[in-house]
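*Asks:* Sharing start.tsv (TSV, C-alpha atoms and all ligand atoms) below.
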```tsv
chain	number	residue	atom	x	y	z
A	146	ILE	CA	16.37	-29.91	51.77
A	147	LEU	CA	18.32	-27.28	49.90
A	148	ILE	CA	16.67	-26.15	46.68
A	149	GLY	CA	18.68	-24.06	44.24
A	150	ALA	CA	19.46	-23.90	40.55
A	151	GLN	CA	22.78	-25.06	39.15
A	152	GLY	CA	25.30	-22.36	40.12
A	153	SER	CA	23.25	-21.05	43.04
A	154	GLY	CA	25.98	-22.12	45.48
A	155	LYS	CA	23.78	-24.89	46.81
A	156	GLY	CA	26.54	-27.53	46.92
A	157	THR	CA	29.02	-25.24	48.70
A	158	GLN	CA	26.40	-24.13	51.20
A	159	ALA	CA	25.32	-27.71	51.77
A	160	GLU	CA	28.85	-28.74	52.72
A	161	LEU	CA	29.24	-25.86	55.19
A	162	LEU	CA	25.80	-26.40	56.64
A	163	ALA	CA	26.24	-30.14	57.06
A	164	GLN	CA	29.43	-29.50	59.06
A	165	GLU	CA	27.84	-26.79	61.16
A	166	LEU	CA	24.69	-28.78	61.97
A	167	ARG	CA	26.29	-32.27	61.92
A	168	LEU	CA	24.05	-33.46	59.14
A	169	PHE	CA	24.84	-36.14	56.60
A	170	HIS	CA	25.26	-34.36	53.24
A	171	LEU	CA	23.46	-36.40	50.64
A	172	ALA	CA	23.91	-35.00	47.11
A	173	SER	CA	22.10	-37.00	44.43
A	174	GLY	CA	24.45	-35.65	41.70
A	175	ASP	CA	27.48	-36.90	43.67
A	176	LEU	CA	25.86	-40.32	44.10
A	177	PHE	CA	25.34	-40.50	40.34
A	178	ARG	CA	28.91	-39.36	39.61
A	179	GLN	CA	30.24	-42.04	41.97
A	180	GLU	CA	28.17	-44.73	40.26
A	181	MET	CA	29.45	-43.49	36.90
A	182	ALA	CA	33.08	-43.53	38.02
A	183	GLU	CA	32.66	-47.10	39.27
A	184	GLU	CA	30.87	-47.99	36.03
A	185	THR	CA	28.01	-49.71	37.84
A	186	GLU	CA	24.84	-50.63	35.94
A	187	LEU	CA	23.08	-47.66	37.50
A	188	GLY	CA	26.00	-45.38	36.58
A	189	VAL	CA	25.97	-46.50	32.96
A	190	LYS	CA	22.19	-45.89	32.75
A	191	ALA	CA	22.48	-42.44	34.33
A	192	LYS	CA	25.44	-41.25	32.23
A	193	ALA	CA	23.57	-40.63	29.00
A	194	PHE	CA	20.98	-38.46	30.74
A	195	MET	CA	23.58	-36.55	32.74
A	196	ASP	CA	25.78	-35.83	29.73
A	197	ARG	CA	22.78	-34.35	27.92
A	198	GLY	CA	21.92	-32.20	30.95
A	199	GLU	CA	18.63	-34.06	31.43
A	200	LEU	CA	17.13	-35.47	34.61
A	201	VAL	CA	17.73	-39.15	35.25
A	202	PRO	CA	14.28	-40.86	35.27
A	203	ASP	CA	12.45	-40.77	38.59
A	204	GLU	CA	12.33	-44.55	39.06
A	205	ILE	CA	16.14	-44.81	39.03
A	206	THR	CA	16.74	-41.67	41.11
A	207	ILE	CA	14.14	-42.23	43.82
A	208	SER	CA	15.25	-45.75	44.71
A	209	MET	CA	18.94	-44.76	44.71
A	210	VAL	CA	18.37	-41.88	47.16
A	211	LEU	CA	15.88	-43.69	49.41
A	212	ASN	CA	18.23	-46.69	49.68
A	213	ARG	CA	21.05	-44.39	50.73
A	214	ILE	CA	18.89	-42.71	53.39
A	215	LYS	CA	17.74	-46.07	54.75
A	216	ARG	CA	21.35	-47.18	55.27
A	217	LEU	CA	21.97	-44.31	57.71
A	218	PRO	CA	21.43	-44.65	61.46
A	219	ALA	CA	17.87	-43.58	62.36
A	220	THR	CA	19.15	-40.77	64.58
A	221	GLN	CA	21.30	-39.21	61.85
A	222	GLY	CA	19.92	-35.95	60.42
A	223	VAL	CA	20.26	-35.58	56.65
A	224	LEU	CA	20.72	-32.61	54.36
A	225	LEU	CA	19.39	-33.37	50.90
A	226	ASP	CA	21.10	-31.54	48.04
A	227	GLY	CA	19.79	-31.92	44.48
A	228	PHE	CA	16.95	-34.22	45.48
A	229	PRO	CA	13.99	-33.97	45.13
A	230	ARG	CA	13.91	-32.14	41.80
A	231	THR	CA	10.39	-33.06	40.63
A	232	ILE	CA	6.98	-33.29	42.32
A	233	PRO	CA	6.84	-37.12	41.90
A	234	GLN	CA	10.25	-37.31	43.63
A	235	ALA	CA	9.00	-35.10	46.49
A	236	LYS	CA	5.90	-37.27	46.93
A	237	ALA	CA	7.94	-40.49	46.83
A	238	LEU	CA	10.32	-39.00	49.38
A	239	ASP	CA	7.47	-38.13	51.75
A	240	SER	CA	6.00	-41.60	51.56
A	241	GLY	CA	9.39	-43.34	51.72
A	242	LEU	CA	10.26	-41.37	54.85
A	243	GLN	CA	6.89	-42.15	56.39
A	244	THR	CA	7.63	-45.88	56.19
A	245	ILE	CA	10.74	-45.35	58.34
A	246	LYS	CA	8.96	-42.88	60.63
A	247	GLN	CA	10.99	-39.90	59.44
A	248	GLN	CA	9.98	-36.63	57.82
A	249	ILE	CA	11.18	-33.48	56.12
A	250	ASP	CA	11.54	-30.62	58.60
A	251	LEU	CA	12.37	-27.77	56.25
A	252	SER	CA	13.31	-26.89	52.71
A	253	VAL	CA	15.21	-23.71	51.85
A	254	TYR	CA	15.26	-22.11	48.40
A	255	ILE	CA	18.46	-20.24	47.51
A	256	ASP	CA	17.26	-17.64	45.04
A	257	VAL	CA	19.73	-16.40	42.36
A	258	PRO	CA	18.79	-14.59	39.08
A	259	ARG	CA	19.29	-16.60	35.90
A	260	THR	CA	21.84	-14.21	34.31
A	261	GLU	CA	24.04	-14.54	37.39
A	262	LEU	CA	23.70	-18.35	37.28
A	263	LEU	CA	24.95	-18.46	33.68
A	264	ASP	CA	28.03	-16.38	34.55
A	265	ARG	CA	28.85	-18.58	37.50
A	266	LEU	CA	28.37	-21.88	35.68
A	267	SER	CA	30.58	-21.05	32.73
A	268	GLY	CA	33.52	-20.47	35.14
A	269	ARG	CA	33.01	-23.54	37.31
A	270	TYR	CA	35.62	-26.30	37.64
A	271	ILE	CA	35.63	-29.35	39.91
A	272	CYS	CA	38.49	-31.59	40.99
A	273	GLN	CA	38.69	-35.11	39.65
A	274	ALA	CA	39.26	-36.79	42.99
A	275	HIS	CA	36.54	-35.36	45.24
A	276	GLN	CA	34.57	-32.82	43.21
A	277	HIS	CA	35.78	-29.83	45.24
A	278	VAL	CA	34.37	-26.80	43.46
A	279	TYR	CA	36.31	-23.78	42.09
A	280	ASN	CA	35.39	-20.84	39.89
A	281	ILE	CA	37.80	-18.97	37.62
A	282	HIS	CA	35.98	-15.68	38.40
A	283	SER	CA	35.13	-15.93	42.08
A	284	LYS	CA	37.10	-18.77	43.66
A	285	PRO	CA	40.23	-19.72	41.65
A	286	SER	CA	42.57	-22.43	42.92
A	287	HIS	CA	46.06	-21.29	44.05
A	288	VAL	CA	47.78	-23.25	41.28
A	289	PRO	CA	45.75	-23.05	38.05
A	290	GLY	CA	44.19	-26.39	37.17
A	291	ILE	CA	45.08	-28.10	40.47
A	292	CYS	CA	42.87	-28.69	43.52
A	293	ASP	CA	44.08	-26.85	46.65
A	294	ILE	CA	42.79	-29.59	48.92
A	295	ASP	CA	43.88	-32.86	47.34
A	296	GLY	CA	46.19	-31.86	44.44
A	297	SER	CA	44.12	-33.61	41.80
A	298	GLU	CA	43.47	-32.06	38.40
A	299	LEU	CA	40.58	-29.67	37.86
A	300	MET	CA	38.13	-30.22	35.03
A	301	GLN	CA	34.97	-28.70	33.71
A	302	ARG	CA	31.90	-30.87	34.18
A	303	SER	CA	30.67	-32.14	30.82
A	304	ASP	CA	27.23	-30.75	31.66
A	305	ASP	CA	28.57	-27.27	32.54
A	306	THR	CA	29.12	-26.29	28.93
A	307	GLY	CA	26.98	-24.66	26.23
A	308	GLU	CA	23.64	-26.21	25.53
A	309	ALA	CA	23.64	-28.52	28.54
A	310	ILE	CA	23.75	-25.54	30.93
A	311	GLN	CA	20.75	-23.90	29.26
A	312	LYS	CA	18.88	-27.19	29.30
A	313	ARG	CA	19.55	-27.79	32.99
A	314	LEU	CA	18.44	-24.27	33.90
A	315	ASN	CA	15.29	-24.64	31.77
A	316	ILE	CA	14.44	-27.84	33.63
A	317	PHE	CA	15.08	-26.17	36.96
A	318	PHE	CA	12.83	-23.19	36.25
A	319	ALA	CA	10.08	-25.33	34.70
A	320	GLU	CA	10.04	-28.35	37.01
A	321	THR	CA	12.10	-28.06	40.17
A	322	ILE	CA	10.71	-24.61	40.95
A	323	GLN	CA	7.32	-26.28	41.50
A	324	LEU	CA	8.70	-27.73	44.72
A	325	LEU	CA	8.38	-24.28	46.28
A	326	ASP	CA	4.57	-24.50	46.15
A	327	TYR	CA	4.69	-28.12	47.32
A	328	TYR	CA	6.67	-27.37	50.49
A	329	ASP	CA	4.99	-24.01	51.06
A	330	ALA	CA	1.63	-25.82	51.22
A	331	GLN	CA	3.14	-27.98	53.98
A	332	HIS	CA	4.52	-24.86	55.75
A	333	LYS	CA	8.03	-26.20	55.25
A	334	LEU	CA	9.55	-23.56	52.98
A	335	ALA	CA	12.01	-20.75	53.62
A	336	GLN	CA	13.43	-18.58	50.84
A	337	ILE	CA	16.71	-16.71	50.99
A	338	ASN	CA	18.63	-14.33	48.73
A	339	GLY	CA	21.49	-16.27	47.12
A	340	ASN	CA	22.85	-13.27	45.23
A	341	GLN	CA	25.31	-12.21	47.94
A	342	SER	CA	28.68	-13.47	49.14
A	343	SER	CA	29.05	-17.09	50.16
A	344	TYR	CA	29.60	-15.97	53.76
A	345	GLN	CA	26.44	-13.86	53.79
A	346	VAL	CA	24.42	-16.66	52.24
A	347	GLN	CA	25.65	-19.02	54.94
A	348	ASN	CA	24.56	-16.65	57.71
A	349	THR	CA	21.19	-15.99	56.12
A	350	LEU	CA	20.72	-19.71	55.72
A	351	LEU	CA	21.49	-20.44	59.36
A	352	GLU	CA	19.11	-17.67	60.47
A	353	ALA	CA	16.35	-19.08	58.27
A	354	ILE	CA	16.82	-22.53	59.75
A	355	GLU	CA	16.85	-21.28	63.33
A	401	LIG	P1	23.90	-32.04	40.07
A	401	LIG	O1	25.30	-32.32	40.49
A	401	LIG	O2	22.96	-31.95	41.25
A	401	LIG	O3	23.76	-30.86	39.15
A	401	LIG	O4	23.42	-33.31	39.24
A	401	LIG	C1	24.06	-33.70	38.04
A	401	LIG	C2	23.12	-34.49	37.16
A	401	LIG	O5	22.71	-35.67	37.87
A	401	LIG	C3	21.81	-33.79	36.81
A	401	LIG	O6	21.94	-32.91	35.71
A	401	LIG	C4	20.93	-34.99	36.50
A	401	LIG	O7	21.24	-35.55	35.24
A	401	LIG	C5	21.36	-35.98	37.57
A	401	LIG	N1	20.55	-35.80	38.80
A	401	LIG	C6	20.99	-35.41	40.03
A	401	LIG	N2	19.98	-35.36	40.91
A	401	LIG	C7	18.87	-35.72	40.23
A	401	LIG	C8	17.50	-35.84	40.57
A	401	LIG	N3	17.06	-35.57	41.81
A	401	LIG	N4	16.64	-36.27	39.63
A	401	LIG	C9	17.07	-36.54	38.38
A	401	LIG	N5	18.33	-36.42	37.97
A	401	LIG	C10	19.24	-36.02	38.89
```
Just give me the structure as C-alpha cells.
*Replies:*
Amino acid sequence: ILIGAQGSGKGTQAELLAQELRLFHLASGDLFRQEMAEETELGVKAKAFMDRGELVPDEITISMVLNRIKRLPATQGVLLDGFPRTIPQAKALDSGLQTIKQQIDLSVYIDVPRTELLDRLSGRYICQAHQHVYNIHSKPSHVPGICDIDGSELMQRSDDTGEAIQKRLNIFFAETIQLLDYYDAQHKLAQINGNQSSYQVQNTLLEAIE
C-alpha cells in the first residue's frame, strides 16, 4: 500500500514501482474516474462526492476495490494506491483479503509538508485519455496542453482547484493519516521523505521495501 496526500507523488511512484516489482497497480481514484467516464451507476453516484473533493462512502468504495482485487490471478501481487483511506476501509480490506487467503505485506507513507503539497497541486494537469500526470512547475509537457505520451489534451482535475484541494488535504490529515498507527501496530509501516526529487523518492522507496 502506498499512503500519501494528494500531490505527494504517490501516483507517479506507484506506476514506477509497479513496473519495477511487477505488481498490478490498483488506484481507487482511477477506478472511479473510469466508472465516471463510462457513466455507470457507480460512476454517477461517485461523481458528486469526487467533484466536491469528498470521500466516496465506504460501502461503495470497499466493494469496488475488493471486487477488482478478486478478479486478479491469486499469484499476482498488487500495489494499492489511494485505498484504503479510512480505518473502516483498512479493516474491511484486511478481512476481505483473509477470505481469499491473502494479506497486506507492507504500507509505505510518502511524507511531504502541506505547503509543498499545495504548490504542487495547483500546477497539476492530467491527460484526458489515460490520466498521465504533468506539472507546469516541475514536469511540463513538451507541447503546452498536449500529452507527450498519447497526444491527448491536458486538463486540470475538477478537484485540483481552490476549495476542493483544501478539503481533500484536510480529509487526508484528519482521517487517512490514522492509517499510519493502524499499520504501525501491525508492524507493516515504513515512512519515507517525499520532499526530494522523484528519482530520489523512488530509490528511497525501493530501499524501504527491500
Ligand atoms: P485520487 O485520484 O486518489 O485523489 O481520488 C480521487 C477521488 O476519488 C477522491 O477525492 C475521492 O472522492 C475518490 N476516492 C478515491 N479513492 C477513495 C477511497 N479509498 N475512499 C473514498 N473515496 C475515494
*Asks:* Within 8 Å of ligand LIG 401 (chain A), which residues of chain A come that close, and what is the closest atom pair and distance in Å for each? Count only C-alpha atoms and all ligand atoms and give it as a Markdown table.
*Replies:*
```
| residue | atom | partner | partner_atom | distance |
| --- | --- | --- | --- | --- |
| A:Gln151 | CA | A:LIG401 | O3 | 5.9 |
| A:Ala172 | CA | A:LIG401 | O2 | 6.7 |
| A:Ser173 | CA | A:LIG401 | N2 | 4.4 |
| A:Gly174 | CA | A:LIG401 | O4 | 3.5 |
| A:Asp175 | CA | A:LIG401 | O1 | 6.0 |
| A:Phe177 | CA | A:LIG401 | O5 | 6.0 |
| A:Arg178 | CA | A:LIG401 | O5 | 7.4 |
| A:Ala191 | CA | A:LIG401 | O7 | 7.1 |
| A:Lys192 | CA | A:LIG401 | O7 | 7.7 |
| A:Phe194 | CA | A:LIG401 | O7 | 5.4 |
| A:Met195 | CA | A:LIG401 | O7 | 3.6 |
| A:Asp196 | CA | A:LIG401 | O7 | 7.1 |
| A:Arg197 | CA | A:LIG401 | O7 | 7.6 |
| A:Gly198 | CA | A:LIG401 | O6 | 4.8 |
| A:Glu199 | CA | A:LIG401 | O7 | 4.9 |
| A:Leu200 | CA | A:LIG401 | N5 | 3.7 |
| A:Val201 | CA | A:LIG401 | N5 | 3.9 |
| A:Pro202 | CA | A:LIG401 | C9 | 6.0 |
| A:Asp203 | CA | A:LIG401 | N4 | 6.2 |
| A:Thr206 | CA | A:LIG401 | N4 | 5.6 |
| A:Ile207 | CA | A:LIG401 | N3 | 7.5 |
| A:Asp226 | CA | A:LIG401 | O2 | 7.1 |
| A:Gly227 | CA | A:LIG401 | O2 | 4.5 |
| A:Phe228 | CA | A:LIG401 | N3 | 3.9 |
| A:Pro229 | CA | A:LIG401 | N3 | 4.8 |
| A:Arg230 | CA | A:LIG401 | N3 | 4.7 |
| A:Thr231 | CA | A:LIG401 | N4 | 7.1 |
| A:Gln234 | CA | A:LIG401 | N3 | 7.3 |
| A:Asp304 | CA | A:LIG401 | O6 | 7.0 |
| A:Arg313 | CA | A:LIG401 | O6 | 6.3 |
```
*Asks:* Tell me which protein, DNA and RNA residues are within 10 Å of A:Ser208, counting all atoms listed in the file, leaving out same-chain ones fewer than 6 positions away, and put them as a list in words.
*Replies:*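 That gives Ile214, Gln234, Ala237, Leu238 and Gly241 of chain A.
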*Asks:* Pick the closest to A:Gln311 from A:Gly152, A:Pro218, A:Gly188, A:Gly339: which is it, counting only C-alpha atoms?
*Replies:*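 Once distances to A:Gln311 are computed over only C-alpha atoms, the minimum belongs to A:Gly152.
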*Asks:* Calculate how many Å separate atom CA of A:Ile271 from atom CA of A:Val346, rounding to one decimal.
*Replies:*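 Separation of atom CA of A:Ile271 and atom CA of A:Val346: 20.9 Å.
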*Asks:* Do you know which residues are at most 10 Å from A:Thr306 counting all atoms listed in the file, after dropping those on the same chain fewer than 2 positions away, and could you put them as a list in words?
*Replies:*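 Surrounding residues, per the criterion: Gly198, Leu266, Ser267, Gly268, Arg269, Gln301, Arg302, Ser303, Asp304, Glu308, Ala309, Ile310 and Gln311 of chain A.
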*Asks:* Using C-alpha atoms, can you write the selected residues to a file as a CSV table (one decimal), in the frame of the given file?
*Replies:*
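What follows is the written file out-v6.csv:
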```
chain,number,residue,atom,x,y,z
A,198,GLY,CA,21.9,-32.2,31.0
A,266,LEU,CA,28.4,-21.9,35.7
A,267,SER,CA,30.6,-21.0,32.7
A,268,GLY,CA,33.5,-20.5,35.1
A,269,ARG,CA,33.0,-23.5,37.3
A,301,GLN,CA,35.0,-28.7,33.7
A,302,ARG,CA,31.9,-30.9,34.2
A,303,SER,CA,30.7,-32.1,30.8
A,304,ASP,CA,27.2,-30.8,31.7
A,308,GLU,CA,23.6,-26.2,25.5
A,309,ALA,CA,23.6,-28.5,28.5
A,310,ILE,CA,23.8,-25.5,30.9
A,311,GLN,CA,20.8,-23.9,29.3
```
*Asks:* Between A:Met300, A:Leu251, A:Leu334, A:Leu224, which is the closest to A:Lys155 once you count all atoms listed in the file?
*Replies:*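 Smallest distance to A:Lys155 is found for A:Leu224.
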*Asks:* Would you be able to write out as number ranges by chain which residues have an atom within 12 Å of (38.0, -29.7, 46.1) in the file's coordinates, counting only C-alpha atoms?
*Replies:* A: 156-157, 160, 269-280, 284-287, 290-300
*Asks:* Which one of A:Ser252, A:Ser283, A:Thr260, A:Ser153 sits closest to A:Gln331 if you count only C-alpha atoms?
*Replies:* A:Ser252
*Asks:* One number please: atom CA of A:Leu225 to atom CA of A:Arg265, in Å, one decimal.
*Replies:*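 We find that atom CA of A:Leu225 and atom CA of A:Arg265 lie 22.1 Å from each other.
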*Asks:* For A:Glu352, list every protein, DNA or RNA residue within 12 Å, evaluated using all atoms listed in the file, and leave out those in the same chain fewer than 5 positions away; present the list as a PyMOL selection string.
*Replies:* chain A and resi 162+253+335-337+345-347
*Asks:* Please determine, counting only C-alpha atoms, which residue among A:Pro233, A:Gly222, A:Pro258, A:Gly154 has the shortest atom-to-atom distance to A:Phe318.
*Replies:* A:Pro258
*Asks:* What separation in Å, quoted to one decimal, exists between atom CA of A:Asp329 and atom CA of A:Asp250?
*Replies:*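 Separation of atom CA of A:Asp329 and atom CA of A:Asp250: 12.0 Å.
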*Asks:* Give the answer as one residue: which of A:Val288, A:Ala182, A:Ile316, A:Leu187 has the shortest atom-to-atom distance to A:Ile205, using all atoms listed in the file?
*Replies:* A:Leu187
*Asks:* Which residue is closest to A:Phe317? Choose from A:Glu355, A:Asp264, A:Asp256, A:Glu183 and count all atoms listed in the file.
*Replies:*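 Using all atoms listed in the file, the shortest distance to A:Phe317 belongs to A:Asp256.
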*Asks:* Starting from 4 Å padding per side, set up an axis-aligned box that covers all listed atoms of stretch 146-165 of chain A and hand over centre and edge lengths in Å, one decimal, as AutoDock Vina command-line options.
*Replies:*
```
--center_x 22.9 --center_y -25.6 --center_z 50.2 --size_x 21.1 --size_y 17.1 --size_z 30.0
```
